[in-house]
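Coordinates as given in upload.cif (mmCIF, C-alpha atoms):
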```
data_input
loop_
_atom_site.group_PDB
_atom_site.id
_atom_site.type_symbol
_atom_site.label_atom_id
_atom_site.label_comp_id
_atom_site.auth_asym_id
_atom_site.auth_seq_id
_atom_site.Cartn_x
_atom_site.Cartn_y
_atom_site.Cartn_z
ATOM 1 C CA MET A 5 151.774 96.967 64.982
ATOM 2 C CA LEU A 6 154.881 94.876 65.738
ATOM 3 C CA TYR A 7 158.410 95.667 64.565
ATOM 4 C CA ARG A 8 161.249 93.125 64.540
ATOM 5 C CA THR A 9 164.868 94.044 65.011
ATOM 6 C CA GLY A 10 166.914 90.892 65.022
ATOM 7 C CA GLU A 11 165.432 88.770 67.780
ATOM 8 C CA ALA A 12 163.826 91.596 69.789
ATOM 9 C CA ALA A 13 160.247 92.712 69.156
ATOM 10 C CA ILE A 14 159.468 96.410 69.634
ATOM 11 C CA MET A 15 155.906 97.409 70.315
ATOM 12 C CA PRO A 16 154.512 100.896 70.992
ATOM 13 C CA LEU A 17 153.389 101.298 74.619
ATOM 14 C CA ARG A 18 149.753 102.149 75.147
ATOM 15 C CA GLY A 19 148.955 104.368 78.066
ATOM 16 C CA LEU A 20 152.536 105.660 78.384
ATOM 17 C CA LYS A 21 151.231 109.206 78.851
ATOM 18 C CA GLY A 22 149.164 108.069 81.847
ATOM 19 C CA VAL A 23 152.114 106.206 83.365
ATOM 20 C CA LYS A 24 154.350 109.281 83.038
ATOM 21 C CA LEU A 25 151.650 111.449 84.615
ATOM 22 C CA ALA A 26 151.283 109.007 87.536
ATOM 23 C CA ILE A 27 155.067 109.014 88.084
ATOM 24 C CA ASP A 28 155.128 112.826 88.064
ATOM 25 C CA GLN A 29 152.271 112.926 90.570
ATOM 26 C CA LEU A 30 154.065 110.449 92.862
ATOM 27 C CA GLU A 31 157.228 112.544 92.763
ATOM 28 C CA GLN A 32 155.293 115.752 93.491
ATOM 29 C CA SER A 33 153.459 114.070 96.354
ATOM 30 C CA ALA A 34 156.736 112.789 97.840
ATOM 31 C CA ASN A 35 158.275 116.256 97.481
ATOM 32 C CA ASP A 36 155.288 117.910 99.181
ATOM 33 C CA ASN A 37 155.350 115.378 102.031
ATOM 34 C CA VAL A 38 159.100 115.786 102.650
ATOM 35 C CA ARG A 39 158.763 119.584 102.425
ATOM 36 C CA GLY A 40 156.010 119.440 105.068
ATOM 37 C CA VAL A 41 158.271 117.447 107.398
ATOM 38 C CA TYR A 42 161.052 120.006 106.848
ATOM 39 C CA LEU A 43 158.775 122.976 107.561
ATOM 40 C CA ALA A 44 157.401 121.447 110.757
ATOM 41 C CA GLY A 45 160.854 120.352 111.931
ATOM 42 C CA LEU A 46 162.514 123.715 111.251
ATOM 43 C CA LYS A 47 159.683 125.480 113.072
ATOM 44 C CA ASN A 48 160.245 123.201 116.081
ATOM 45 C CA ILE A 49 163.995 123.866 116.016
ATOM 46 C CA VAL A 50 163.367 127.625 116.117
ATOM 47 C CA GLN A 51 160.685 127.488 118.801
ATOM 48 C CA GLU A 52 162.669 125.109 121.014
ATOM 49 C CA THR A 53 165.919 127.100 120.822
ATOM 50 C CA PRO A 54 166.652 128.216 124.397
ATOM 51 C CA ALA A 55 165.861 131.920 124.717
ATOM 52 C CA ASP A 56 167.234 134.482 127.090
ATOM 53 C CA THR A 57 167.202 137.593 124.897
ATOM 54 C CA GLY A 58 166.004 135.678 121.827
ATOM 55 C CA ARG A 59 169.176 136.239 119.818
ATOM 56 C CA ALA A 60 169.949 132.520 119.402
ATOM 57 C CA ARG A 61 166.362 131.851 118.399
ATOM 58 C CA ASN A 62 166.552 134.541 115.682
ATOM 59 C CA ASN A 63 169.858 133.403 114.182
ATOM 60 C CA TRP A 64 168.679 130.421 112.154
ATOM 61 C CA PHE A 65 169.243 130.959 108.426
ATOM 62 C CA LEU A 66 167.951 128.775 105.608
ATOM 63 C CA SER A 67 170.101 128.302 102.500
ATOM 64 C CA VAL A 68 170.372 125.871 99.600
ATOM 65 C CA ASN A 69 173.621 124.176 98.429
ATOM 66 C CA ALA A 70 175.892 125.830 101.043
ATOM 67 C CA PRO A 71 175.552 126.808 104.706
ATOM 68 C CA SER A 72 174.866 130.464 105.474
ATOM 69 C CA ASN A 73 177.496 132.534 107.261
ATOM 70 C CA LYS A 74 175.022 135.198 108.430
ATOM 71 C CA THR A 75 174.168 136.385 111.924
ATOM 72 C CA THR A 76 171.701 138.968 113.185
ATOM 73 C CA THR A 77 171.396 141.092 116.299
ATOM 74 C CA SER A 78 167.607 140.639 116.382
ATOM 75 C CA GLU A 79 166.399 139.811 119.896
ATOM 76 C CA SER A 80 162.764 138.779 119.614
ATOM 77 C CA VAL A 81 162.050 135.929 122.014
ATOM 78 C CA GLY A 82 159.414 134.610 119.584
ATOM 79 C CA GLY A 83 162.021 133.854 116.888
ATOM 80 C CA GLY A 84 160.074 135.595 114.116
ATOM 81 C CA ALA A 85 163.202 136.297 112.035
ATOM 82 C CA SER A 86 164.117 132.600 111.943
ATOM 83 C CA LEU A 87 160.546 131.473 111.306
ATOM 84 C CA SER A 88 160.452 133.739 108.245
ATOM 85 C CA GLN A 89 163.707 132.104 107.097
ATOM 86 C CA ALA A 90 162.155 128.647 107.389
ATOM 87 C CA SER A 91 159.203 129.780 105.285
ATOM 88 C CA LYS A 92 161.665 130.480 102.428
ATOM 89 C CA LEU A 93 162.104 126.744 101.948
ATOM 90 C CA PRO A 94 162.119 126.060 98.185
ATOM 91 C CA LYS A 95 158.995 124.548 96.663
ATOM 92 C CA ASP A 96 161.014 121.606 95.344
ATOM 93 C CA VAL A 97 163.244 120.018 97.992
ATOM 94 C CA LEU A 98 163.993 116.545 96.652
ATOM 95 C CA GLY A 99 167.602 116.197 95.535
ATOM 96 C CA LYS A 100 168.645 119.544 97.085
ATOM 97 C CA LYS A 101 171.057 120.198 99.934
ATOM 98 C CA ILE A 102 169.172 122.357 102.414
ATOM 99 C CA TYR A 103 170.955 123.998 105.342
ATOM 100 C CA PHE A 104 169.474 125.557 108.456
ATOM 101 C CA THR A 105 172.450 127.224 110.087
ATOM 102 C CA ASN A 106 173.007 129.118 113.331
ATOM 103 C CA ASN A 107 176.423 130.796 113.481
ATOM 104 C CA LEU A 108 176.350 132.204 117.001
ATOM 105 C CA PRO A 109 179.458 131.129 118.893
ATOM 106 C CA TYR A 110 177.458 129.671 121.783
ATOM 107 C CA ILE A 111 174.881 127.642 119.823
ATOM 108 C CA GLY A 112 176.965 124.479 120.306
ATOM 109 C CA VAL A 113 177.004 125.010 124.076
ATOM 110 C CA LEU A 114 173.219 125.325 124.049
ATOM 111 C CA GLU A 115 172.902 122.044 122.107
ATOM 112 C CA TYR A 116 175.721 119.962 123.616
ATOM 113 C CA GLY A 117 176.295 121.562 127.021
ATOM 114 C CA GLY A 118 179.412 123.256 128.320
ATOM 115 C CA PHE A 119 178.118 125.953 130.621
ATOM 116 C CA PRO A 120 180.219 126.433 133.785
ATOM 117 C CA LYS A 121 179.674 123.866 136.542
ATOM 118 C CA PRO A 122 178.693 124.983 139.088
ATOM 119 C CA VAL A 123 177.042 128.220 137.968
ATOM 120 C CA LYS A 124 178.497 131.121 139.942
ATOM 121 C CA LYS A 125 176.228 134.079 139.216
ATOM 122 C CA GLY A 126 174.135 133.149 136.226
ATOM 123 C CA SER A 127 172.856 135.453 133.487
ATOM 124 C CA LYS A 128 171.534 138.930 134.079
ATOM 125 C CA VAL A 129 167.831 138.948 133.217
ATOM 126 C CA ASN A 130 165.707 142.030 133.887
ATOM 127 C CA GLY A 131 168.391 143.484 136.141
ATOM 128 C CA ARG A 132 168.755 140.341 138.277
ATOM 129 C CA TYR A 133 171.022 137.329 137.959
ATOM 130 C CA GLN A 134 169.349 134.011 137.244
ATOM 131 C CA LYS A 135 170.844 130.562 136.913
ATOM 132 C CA LEU A 136 169.801 129.337 133.462
ATOM 133 C CA SER A 137 171.913 126.178 133.405
ATOM 134 C CA ARG A 138 172.576 123.153 135.567
ATOM 135 C CA ASN A 139 175.387 120.609 135.297
ATOM 136 C CA GLY A 140 176.661 122.431 132.208
ATOM 137 C CA PHE A 141 173.369 122.255 130.276
ATOM 138 C CA SER A 142 170.689 124.829 129.534
ATOM 139 C CA LEU A 143 167.646 124.391 131.760
ATOM 140 C CA GLN A 144 165.431 125.023 128.704
ATOM 141 C CA ALA A 145 166.957 122.215 126.615
ATOM 142 C CA PRO A 146 169.042 119.989 128.901
ATOM 143 C CA LYS A 147 169.313 117.237 126.279
ATOM 144 C CA GLY A 148 169.627 119.552 123.300
ATOM 145 C CA TRP A 149 166.829 120.101 120.805
ATOM 146 C CA VAL A 150 168.355 120.127 117.318
ATOM 147 C CA ARG A 151 169.400 116.462 117.362
ATOM 148 C CA ILE A 152 166.059 115.464 118.844
ATOM 149 C CA ASN A 153 164.162 117.263 116.087
ATOM 150 C CA LEU A 154 166.408 115.899 113.336
ATOM 151 C CA LYS A 155 165.797 112.344 114.568
ATOM 152 C CA ARG A 156 162.072 113.036 114.690
ATOM 153 C CA MET A 157 162.170 114.417 111.122
ATOM 154 C CA GLN A 158 164.159 111.404 109.913
ATOM 155 C CA SER A 159 161.613 109.044 111.461
ATOM 156 C CA MET A 160 158.717 110.894 109.852
ATOM 157 C CA ILE A 161 160.388 110.807 106.426
ATOM 158 C CA LYS A 162 160.992 107.060 106.748
ATOM 159 C CA LYS A 163 157.278 106.564 107.402
ATOM 160 C CA LEU A 164 156.249 108.403 104.219
#
```

Kindly transcribe the structure held in the file into structure tokens.
Amino acid sequence: MLYRTGEAAIMPLRGLKGVKLAIDQLEQSANDNVRGVYLAGLKNIVQETPADTGRARNNWFLSVNAPSNKTTTSESVGGGASLSQASKLPKDVLGKKIYFTNNLPYIGVLEYGGFPKPVKKGSKVNGRYQKLSRNGFSLQAPKGWVRINLKRMQSMIKKL
């Protein structure tokens, strides 16, 4: 059936339902792929956070729309508290502002450097002093780890 309105011809679309379903499936697939990159990347950020007592590793907080202002005193070297935060990633991530925040005052020093040069005594670990930095950077992540993981995540998303 063909309808005329002035010069334009309007025709009902056949298969529109299938096209809409395909578009929805593409969007869901893209969302799931991006969410997978986020989950893997956030896990890497937690696990690669330099750990002495584990406090920095456990102070990553996931939030949507605004950064978290939380901190915790949890000191598990495994970072279980932060890994459980990452698992709270919303099911739908496309179009959302997602924050993974660490509010400890020294997190920037761990990422960007700034430890004393030269190290005088070091940090007390198990009753003994150990030098955990060199040339102002953590020995565990001398080039940082957050920026590295964010670049890796960005690259993976571009390949999707």

*Evaluate the PyMOL selection byres ((chain A and resi 107-117) around 8) and report residues as a PyMOL selection string*: chain A and resi 54+60+63-64+73-75+105-106+118-119+140-142+145-150

*List the neighbours of Gly126 of chain A out to 10 Å using all atoms listed in the file; skip same-chain residues closer than 6 positions along the sequence, and give me the result as a PyMOL selection string.*
chain A and resi 119-120+132-137

_I'd like the contact shell of Phe104 of chain A - 7 Å cut-off, only C-alpha atoms, skipping same-chain residues fewer than 4 positions apart - returned as a ChimeraX atom specification._
/A:64-67

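Proximity ranking of A:Thr77, A:Gln158, A:Gln29, A:Thr57 relative to Gly45 of chain A places A:Gln158 first, based on only C-alpha atoms.
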
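Summary of the local environment: counting only C-alpha atoms, residues at most 12 Å from Leu93 of chain A, other than itself and those fewer than 6 positions away along its chain, are Asp36, Val38, Arg39, Gly40, Val41, Tyr42, Leu43, Ala44, Gly45, Leu46, Lys47, Phe65, Leu66, Ser67, Val68, Ser86, Leu87, Lys100, Lys101, Ile102, Tyr103 and Phe104 of chain A.
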
*For atom CA of Gly19 of chain A and atom CA of Lys95 of chain A, quote the distance in Å rounded to one decimal.*
29.2 Å

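The coordinates place atom CA of Thr53 of chain A at 13.5 Å from atom CA of Leu154 of chain A.
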
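Distance-wise, atom CA of Ser88 of chain A and atom CA of Ala70 of chain A end up 18.8 Å apart.
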
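Shortest separation to Gly82 of chain A among A:Ile27, A:Gln51, A:Asp56, A:Asn69 occurs at residue A:Gln51, atoms counted being only C-alpha atoms.
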
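Each of A:Lys124, A:Arg18, A:Lys162, A:Glu31 was compared to Gly99 of chain A using all atoms listed in the file, and A:Glu31 turns out to be the nearest.
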